[in-house]
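S.K.: One structure coming up, written as structure tokens, with questions to follow.
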Amino acid sequence: MVKYVTQRILLMLMTLLIITFMSFVLIRMLPLPELPSEDPHLPIVLARREAAGYNKPYLVQFGIFLKNVLTEWDWGVSDVLFFGQEVSDIFMSKLPATMLVNFYSIILSIPIGIIFGVIAALKKNTWVDHTISTLTMVCISVPSFVYAFIIQYFLCYKLGWFPFLMKAGTDYFTWEMFISVIPPVLSLSLGVIAGFTRVTRAELTEVLTSEFMLLARTKGLTKAQATIRHAFKNCMVVVVPSIFGQFIGILSGSLIIEKIFAIPGVGQLNLNAIYGRDYPMFMMLTVFYVTISLVASIVVDISYGFIDPRIRMGSRK
Amino acid sequence: MKRLLALLLAIMMVVLSACGTPTDPATDGETTGAEGSEGADSNVVVFDASKEYVYKTSVSTLAANWNPHTAQTTDDSYPLDYITTQLYSFVFNDELHPVEGKEPYSGYKIIPEMAAGDPVDVTEKVKAEHPEFGIPESATTGYAYTIDLNPNAKWHNGDAINADTYIYSMQQLLDPKLKNYRATDQYSGALSIVGAEEYSNSGRSVKKINSVSGESMDYQMADLVKGADGVYTTPEGYVCYFGLQEAGYGWMGGNSLADYQGAGYIPGEGCWDILSAAADADGYVKLTDETIAALYAFTGSEVWGNEPQEQLGYYVSYDFVYPVVDYNVVGFYKTGDYQITIVLNNALAGFNLYYYLTMNSSSWLVHPETYAATLKQDGDAWTSTYNTSAETTMSYGPYKVVSYQASKHMRFERNENWYGYTDGKHVYVDPVDGKTYPMYQTTAIDTQVVEEAATRKLMFLKGELMGYGLQAEDFATYRNSEYVHVTPSETIFFLILNGHITAIQGREANEGFDKTKHDLETMSLKTFKQAVAVTYDKELFASTISPARSGGYGLVGNAYLYDPETGSRYRDTDQAKQVLCDFYSVDTSKFASLDDAVASITGYDPVAAKELYKKAFDESIAAGYITDADGNGISDQTVRIEYCISGDSDFMTKTVNYLNEKMAEVTKGTPFEGKIEFYKSAPYDTEWANKIRQGLSDTVLGGWSGVVFDPFSLADTWTNPNSQFDGKWFDATTVDLTITVNGEELTTKLRTWAEMLNGTTHQINGKDYNFGDGMADVNARLDILAAIEGRVLLEYNYIPMLQDASMALLSQQVYYVVDEYNPVMGRGGITYLKYNYDETEWAAYVAEQGGELKY
């Protein structure tokens, strides 16, 4: 197991390096933001780009970039959006808001989604199942920004229960902050809840019809005992990895929600870095998302072994 | 006894008057002092210090770097409006508006702020003492000024701002190693400081363009020296190049030779092939006999107008290394603890001097210790985090930054160390109630990022924002609200119509263009353009596609002032009115006044339009552009007009639909019935202007925004190929124009008139004339501007359609002391904003309204 994990981590680092190199070269090959030829600031901008090393060979540029990151954790300074400021500082200042909203969203979605999934599976082909399945389809089909506007209109404007925007400041664990993130969390969660409901229902439905469930019942277990001890545990083999997948999904999928609720997070930063052609910023965000995805895939793989002892990682047999 | 009673009465009156400080709840404050007592602020209403007045506003993008040396965008400059003060500023001139008449403010004056008084012209003195600054021998005024600084000006932490602060800040701004974005502002505009360019570029290598304007060259071709390697250099030895991809040859309208080659003008064989083979990675080709011959093969050809070989100098760039110099070359130095002297490259005086000092005088000040602590070197590049957070921001304006969260929120509160709160000069008489109030009633400014207009609207209706800019879907509901304010902008949007016949014919020659079904050439006919000009009712067009705007009729917008000191607008002059009447063929004798005649103009004349379309049909048939094979009097071809879009939007769709709909109505019964079609282009992004200029797209609503105080500069825009949209098919240097100026009838070229109006001296009939600012009577200048506007309109390349404006709702919590928009002062901004409710009262009021406000 240790050997397998070590191998996977080394492989992940190699993959990360290759993707980082490719992204770096591709990003540096992109044209820099153009300035009107009559702009009197043009010579200054060109001189700054020269000083920033944009005209050096790509391999040299990448070498400098890698050395700075590895030895000084220096990701460079923002070119456009936060001119002259450390990219890593900006990124770190924005990460908590994104993590907070996504964390609440997952915390809310997992139990609700699984409960609805279990109910739908247990009440398969009844009106309860049909209702849950229909709502699930609706929630999956409608994009989260539509919920965002609906929630904002009814809960924030008409009923006045919540503020329109996430509270300003970095007091992330205060009551005011909690109240202010409920609308975006709800907007993000509906789709995720539907996702969990669907996966749980599908898996549990299948497991419930398995022969070992019949065996469990014939051994004298009640339906509830058989479901919780055997069926539910088995369906978690699929559900738990999907939690990681959903987390990654909403990390990148909350771009629009961040915009609507003025959440100062990395999703918005990513979008703005692309639009603004802030390449150092874009580079760091790219590496961040790639790293998250690679780590998540390892965690998912390893988690199988813990959830289902039948799955043995790295076994030669 | 009587004496005793009188004494008692007098004592009682004194006691009562002492106890009873008069209050006026309607003013949210109280008046201090007794009437007639000495002191400028003796009658000033004092706002209750315990009350909070918060200006709650939203932005789409929050400032991220408001360092005055490096800020690049208006979003980034936003905080500077609150945290800095200029050397001079504009205020409403309440002396012009006696309170008895309760007239709204329309005039303004300039007051010293960070300066202690007016600038003193010391041109003669500096010329004698500092010959190194190179003030022209003939100059006696306008080149050097001494400005006394306000000794009460301080940073928000109490540190003094003196001449040393100014000099340090200017040194840092121009420091060549820092390569500050804003350094250029000190020498590229009208207020150009001697030596600023040389110092800020000290030791830097650049490719200099030999002729930016196309009017003069740094080096003539004959001046260049051929080296032993066959490469031409300047006499100083700088290598010369043709810049194939150089878009900085301003006279080429932002296009490069490569653009023309791409458009098919420049042949490959014997020309482009040779040049491109010799070019370096940036498209620079060293001048050799071979490359000179290759480029001349094109520029000397008929396609390019048979340019003589000596004009090849217009396409030349050359290596240039700025000499290494120190700060002493800069004409900005200390002449006292609280005094600075500025030396300028070009003379500047009067209103323009003050205007540029209000715009660009001291917003580049930095707090020395904080600035030094935030500088960081990264390789060869230097950066600074000055003014990027509350901690690194130093204020010397009415407000200071107290909290900042990137991309989220920013809060400003009163800077109690600002001299303006106590100097007695920052007060005004409210034309509504006649009382004197201090400026800046707002105690704090809360700015948050709200990107979605729908969210902004809901927040506004909940009382959480002070303003809401109306969107297209809001006009029907709110356009007549008493809280709506229209803010005019200077831009006129006109429909630019393609007349570049060569480009049009090139497009028709393209494979795939079906000449039997479609036609492009007809749109280049002047008669056709005249017809289009009277096809649309401008006001109806505006109300249909963009209700905040209004109909546009001339080329100069309503906001332009020809006399900034009195606020007089060009569009209100008789000359400007007469131009419109002439252009729209209004018989002024049928109206009681010129105003009535102008008011009758709609721009819409379907009868005349039909006649013109018939005439255009005949001309087009005669020219062979279209056919009428069956002789039914209807064009066989559809004239297809590409509407050039930068990106698709609802506005573009509405515009094109409207143009088509009204065109169909007006062409009914004409040979072009159902035969003229507008259609949207591909999204050209920032290339749209080049597409129009090159005749590769046909029409667009375009315009220019200029300096609101200087309508005269627009004449240059209409006639200068660097800025013209129609420069490829309208050459203003070939058009004669006769104008009677001061009773003298003068005839010269249109372009020459525009140049003379903007300060260039030209000869007419052997006599020198210059009608620039300060060189000629303002009425004469107005006559010339109106004549040029009229002449350009008659080309029908620009058909005025929209007067730009925006509409916004203002919160019931506040009001403007003036309703009428002033191009200089707006409606007074945060300086004059008055509150109906403080924060506590406002919360109660909103709750009373059920949490939803009605506008």
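Quick note on naming: the chains in the structure tokens go A, B, ... in the order shown, residues restart at 1 in each chain, and ligands are numbered from 1 in order of appearance.
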Show which residues sit within 9 Å of range 750-766 of chain B, as a ChimeraX atom specification. Count only C-alpha atoms, and ignore same-chain residues fewer than 4 positions away.
M.R.: /B:712-720,731-738,746,770-776,781,784-785,788,791-792
S.K.: How about saving the chosen residues, N, CA and C atoms kept, as a PDB file, in the first residue's frame?
M.R.:
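Ended up saving to selection_0.pdb:
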ATOM      1  N   PHE B 712     -13.297  72.827 -30.654  1.00  0.00           N
ATOM      2  CA  PHE B 712     -12.502  73.166 -31.837  1.00  0.00           C
ATOM      3  C   PHE B 712     -11.566  72.018 -32.239  1.00  0.00           C
ATOM      4  N   SER B 713     -11.145  71.241 -31.260  1.00  0.00           N
ATOM      5  CA  SER B 713     -10.232  70.139 -31.586  1.00  0.00           C
ATOM      6  C   SER B 713     -10.934  69.064 -32.421  1.00  0.00           C
ATOM      7  N   LEU B 714     -12.277  69.052 -32.390  1.00  0.00           N
ATOM      8  CA  LEU B 714     -12.996  68.062 -33.199  1.00  0.00           C
ATOM      9  C   LEU B 714     -12.759  68.291 -34.689  1.00  0.00           C
ATOM     10  N   ALA B 715     -12.557  69.561 -35.062  1.00  0.00           N
ATOM     11  CA  ALA B 715     -12.319  69.871 -36.480  1.00  0.00           C
ATOM     12  C   ALA B 715     -11.090  69.115 -36.973  1.00  0.00           C
ATOM     13  N   ASP B 716     -10.118  68.964 -36.100  1.00  0.00           N
ATOM     14  CA  ASP B 716      -8.923  68.201 -36.459  1.00  0.00           C
ATOM     15  C   ASP B 716      -9.292  66.725 -36.671  1.00  0.00           C
ATOM     16  N   THR B 717     -10.126  66.215 -35.788  1.00  0.00           N
ATOM     17  CA  THR B 717     -10.531  64.807 -35.862  1.00  0.00           C
ATOM     18  C   THR B 717     -11.221  64.480 -37.191  1.00  0.00           C
ATOM     19  N   TRP B 718     -12.064  65.432 -37.657  1.00  0.00           N
ATOM     20  CA  TRP B 718     -12.816  65.161 -38.890  1.00  0.00           C
ATOM     21  C   TRP B 718     -11.952  65.224 -40.144  1.00  0.00           C
ATOM     22  N   THR B 719     -10.807  65.894 -40.019  1.00  0.00           N
ATOM     23  CA  THR B 719     -10.034  66.161 -41.241  1.00  0.00           C
ATOM     24  C   THR B 719      -8.642  65.553 -41.224  1.00  0.00           C
ATOM     25  N   ASN B 720      -8.318  64.895 -40.144  1.00  0.00           N
ATOM     26  CA  ASN B 720      -6.970  64.334 -39.993  1.00  0.00           C
ATOM     27  C   ASN B 720      -7.019  62.834 -40.271  1.00  0.00           C
ATOM     28  N   ASP B 731     -10.452  63.192 -48.650  1.00  0.00           N
ATOM     29  CA  ASP B 731      -9.175  63.850 -48.403  1.00  0.00           C
ATOM     30  C   ASP B 731      -9.430  65.336 -48.170  1.00  0.00           C
ATOM     31  N   ALA B 732      -9.351  65.746 -46.910  1.00  0.00           N
ATOM     32  CA  ALA B 732      -9.683  67.130 -46.559  1.00  0.00           C
ATOM     33  C   ALA B 732      -8.639  68.121 -47.044  1.00  0.00           C
ATOM     34  N   THR B 733      -7.491  67.606 -47.521  1.00  0.00           N
ATOM     35  CA  THR B 733      -6.465  68.537 -48.011  1.00  0.00           C
ATOM     36  C   THR B 733      -6.761  68.968 -49.451  1.00  0.00           C
ATOM     37  N   THR B 734      -7.801  68.381 -50.039  1.00  0.00           N
ATOM     38  CA  THR B 734      -8.105  68.725 -51.432  1.00  0.00           C
ATOM     39  C   THR B 734      -9.408  69.521 -51.569  1.00  0.00           C
ATOM     40  N   VAL B 735     -10.071  69.757 -50.435  1.00  0.00           N
ATOM     41  CA  VAL B 735     -11.391  70.403 -50.503  1.00  0.00           C
ATOM     42  C   VAL B 735     -11.264  71.873 -50.132  1.00  0.00           C
ATOM     43  N   ASP B 736     -11.708  72.740 -51.039  1.00  0.00           N
ATOM     44  CA  ASP B 736     -11.671  74.180 -50.754  1.00  0.00           C
ATOM     45  C   ASP B 736     -12.843  74.587 -49.885  1.00  0.00           C
ATOM     46  N   LEU B 737     -12.600  75.531 -49.005  1.00  0.00           N
ATOM     47  CA  LEU B 737     -13.688  76.052 -48.166  1.00  0.00           C
ATOM     48  C   LEU B 737     -13.486  77.555 -48.013  1.00  0.00           C
ATOM     49  N   THR B 738     -14.536  78.278 -48.270  1.00  0.00           N
ATOM     50  CA  THR B 738     -14.472  79.744 -48.130  1.00  0.00           C
ATOM     51  C   THR B 738     -15.260  80.155 -46.896  1.00  0.00           C
ATOM     52  N   LEU B 746     -12.109  84.442 -46.882  1.00  0.00           N
ATOM     53  CA  LEU B 746     -10.862  83.689 -47.036  1.00  0.00           C
ATOM     54  C   LEU B 746     -11.157  82.307 -47.586  1.00  0.00           C
ATOM     55  N   ASN B 770      -3.677  82.596 -38.025  1.00  0.00           N
ATOM     56  CA  ASN B 770      -3.721  81.575 -36.973  1.00  0.00           C
ATOM     57  C   ASN B 770      -4.965  81.854 -36.139  1.00  0.00           C
ATOM     58  N   PHE B 771      -5.865  80.885 -36.071  1.00  0.00           N
ATOM     59  CA  PHE B 771      -7.117  81.085 -35.332  1.00  0.00           C
ATOM     60  C   PHE B 771      -7.180  80.194 -34.094  1.00  0.00           C
ATOM     61  N   GLY B 772      -6.015  79.894 -33.539  1.00  0.00           N
ATOM     62  CA  GLY B 772      -5.963  79.031 -32.361  1.00  0.00           C
ATOM     63  C   GLY B 772      -6.471  79.728 -31.113  1.00  0.00           C
ATOM     64  N   ASP B 773      -6.539  78.956 -30.037  1.00  0.00           N
ATOM     65  CA  ASP B 773      -7.009  79.478 -28.753  1.00  0.00           C
ATOM     66  C   ASP B 773      -6.119  80.646 -28.324  1.00  0.00           C
ATOM     67  N   GLY B 774      -6.752  81.787 -28.072  1.00  0.00           N
ATOM     68  CA  GLY B 774      -5.993  82.958 -27.652  1.00  0.00           C
ATOM     69  C   GLY B 774      -5.400  83.742 -28.808  1.00  0.00           C
ATOM     70  N   MET B 775      -5.491  83.187 -30.018  1.00  0.00           N
ATOM     71  CA  MET B 775      -4.908  83.869 -31.183  1.00  0.00           C
ATOM     72  C   MET B 775      -5.982  84.603 -31.982  1.00  0.00           C
ATOM     73  N   ALA B 776      -7.246  84.268 -31.737  1.00  0.00           N
ATOM     74  CA  ALA B 776      -8.318  84.887 -32.519  1.00  0.00           C
ATOM     75  C   ALA B 776      -9.545  85.072 -31.639  1.00  0.00           C
ATOM     76  N   ARG B 781     -13.647  82.113 -34.259  1.00  0.00           N
ATOM     77  CA  ARG B 781     -13.368  80.676 -34.121  1.00  0.00           C
ATOM     78  C   ARG B 781     -14.673  79.872 -34.267  1.00  0.00           C
ATOM     79  N   ILE B 784     -15.644  79.618 -37.857  1.00  0.00           N
ATOM     80  CA  ILE B 784     -14.819  78.645 -38.596  1.00  0.00           C
ATOM     81  C   ILE B 784     -15.236  77.214 -38.246  1.00  0.00           C
ATOM     82  N   LEU B 785     -15.430  76.969 -36.956  1.00  0.00           N
ATOM     83  CA  LEU B 785     -15.829  75.619 -36.547  1.00  0.00           C
ATOM     84  C   LEU B 785     -17.162  75.230 -37.195  1.00  0.00           C
ATOM     85  N   ILE B 788     -16.693  74.457 -40.853  1.00  0.00           N
ATOM     86  CA  ILE B 788     -16.046  73.147 -41.068  1.00  0.00           C
ATOM     87  C   ILE B 788     -17.041  72.021 -40.784  1.00  0.00           C
ATOM     88  N   ARG B 791     -19.377  71.729 -43.664  1.00  0.00           N
ATOM     89  CA  ARG B 791     -18.751  71.180 -44.870  1.00  0.00           C
ATOM     90  C   ARG B 791     -18.546  69.663 -44.738  1.00  0.00           C
ATOM     91  N   VAL B 792     -18.140  69.228 -43.563  1.00  0.00           N
ATOM     92  CA  VAL B 792     -17.920  67.783 -43.359  1.00  0.00           C
ATOM     93  C   VAL B 792     -19.254  67.041 -43.425  1.00  0.00           C
TER      94      VAL B 792
END
S.K.: Please identify all polymer residues within 7 Å of range 281-298 of chain B, counting only C-alpha atoms, omitting same-chain residues fewer than 2 positions from it, and present them as a list in words.
M.R.: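 With the cut-off at 7 Å, the set is Gly230, Val231, Tyr232, Cys240, Tyr241, Phe242, Gly243, Leu244, Gln245, Ile266, Gly270, Cys271, Ile274, Leu275, Ala278, Ala279, Gly300, Ser301, Trp304 and Gln309 of chain B.
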S.K.: Using only C-alpha atoms, which chain B residues lie at most 6 Å away from chain A, written as a count of residues only?
M.R.: 11
S.K.: Given the choices B:Asp595, B:Glu369, B:Glu129, B:Glu619, which gets closest to Met394 in chain B if the distance is worked out from only C-alpha atoms?
M.R.: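 Going through B:Asp595, B:Glu369, B:Glu129, B:Glu619 one by one, the smallest distance to Met394 in chain B is for B:Glu369.
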S.K.: Kindly give the distance, in Å, that separates CA of Met801 in chain B and CA of Phe651 in chain B, rounded to a single decimal.
M.R.: 14.5 Å
S.K.: Using only C-alpha atoms, find the one residue out of A:Leu16, A:Ile114, A:Met283, A:Leu221 that sits nearest to Gly195 in chain A.
M.R.: A:Ile114
S.K.: Nearest to Lys127 in chain B among B:Leu375, B:Gly142, B:Val212, B:Glu113, with distances taken over only C-alpha atoms: which residue is it?
M.R.: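 So, comparing all the options, the nearest one is B:Gly142.
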S.K.: With distances taken over only C-alpha atoms, which of B:Phe493, B:Tyr604, B:Tyr562, B:Tyr658 is nearest to Leu802 in chain B?
M.R.: B:Phe493
S.K.: What gap, in Å, lies between CA of Val598 in chain B and CA of Leu470 in chain B?
M.R.: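 Separation between CA of Val598 in chain B and CA of Leu470 in chain B: 29.0 Å.
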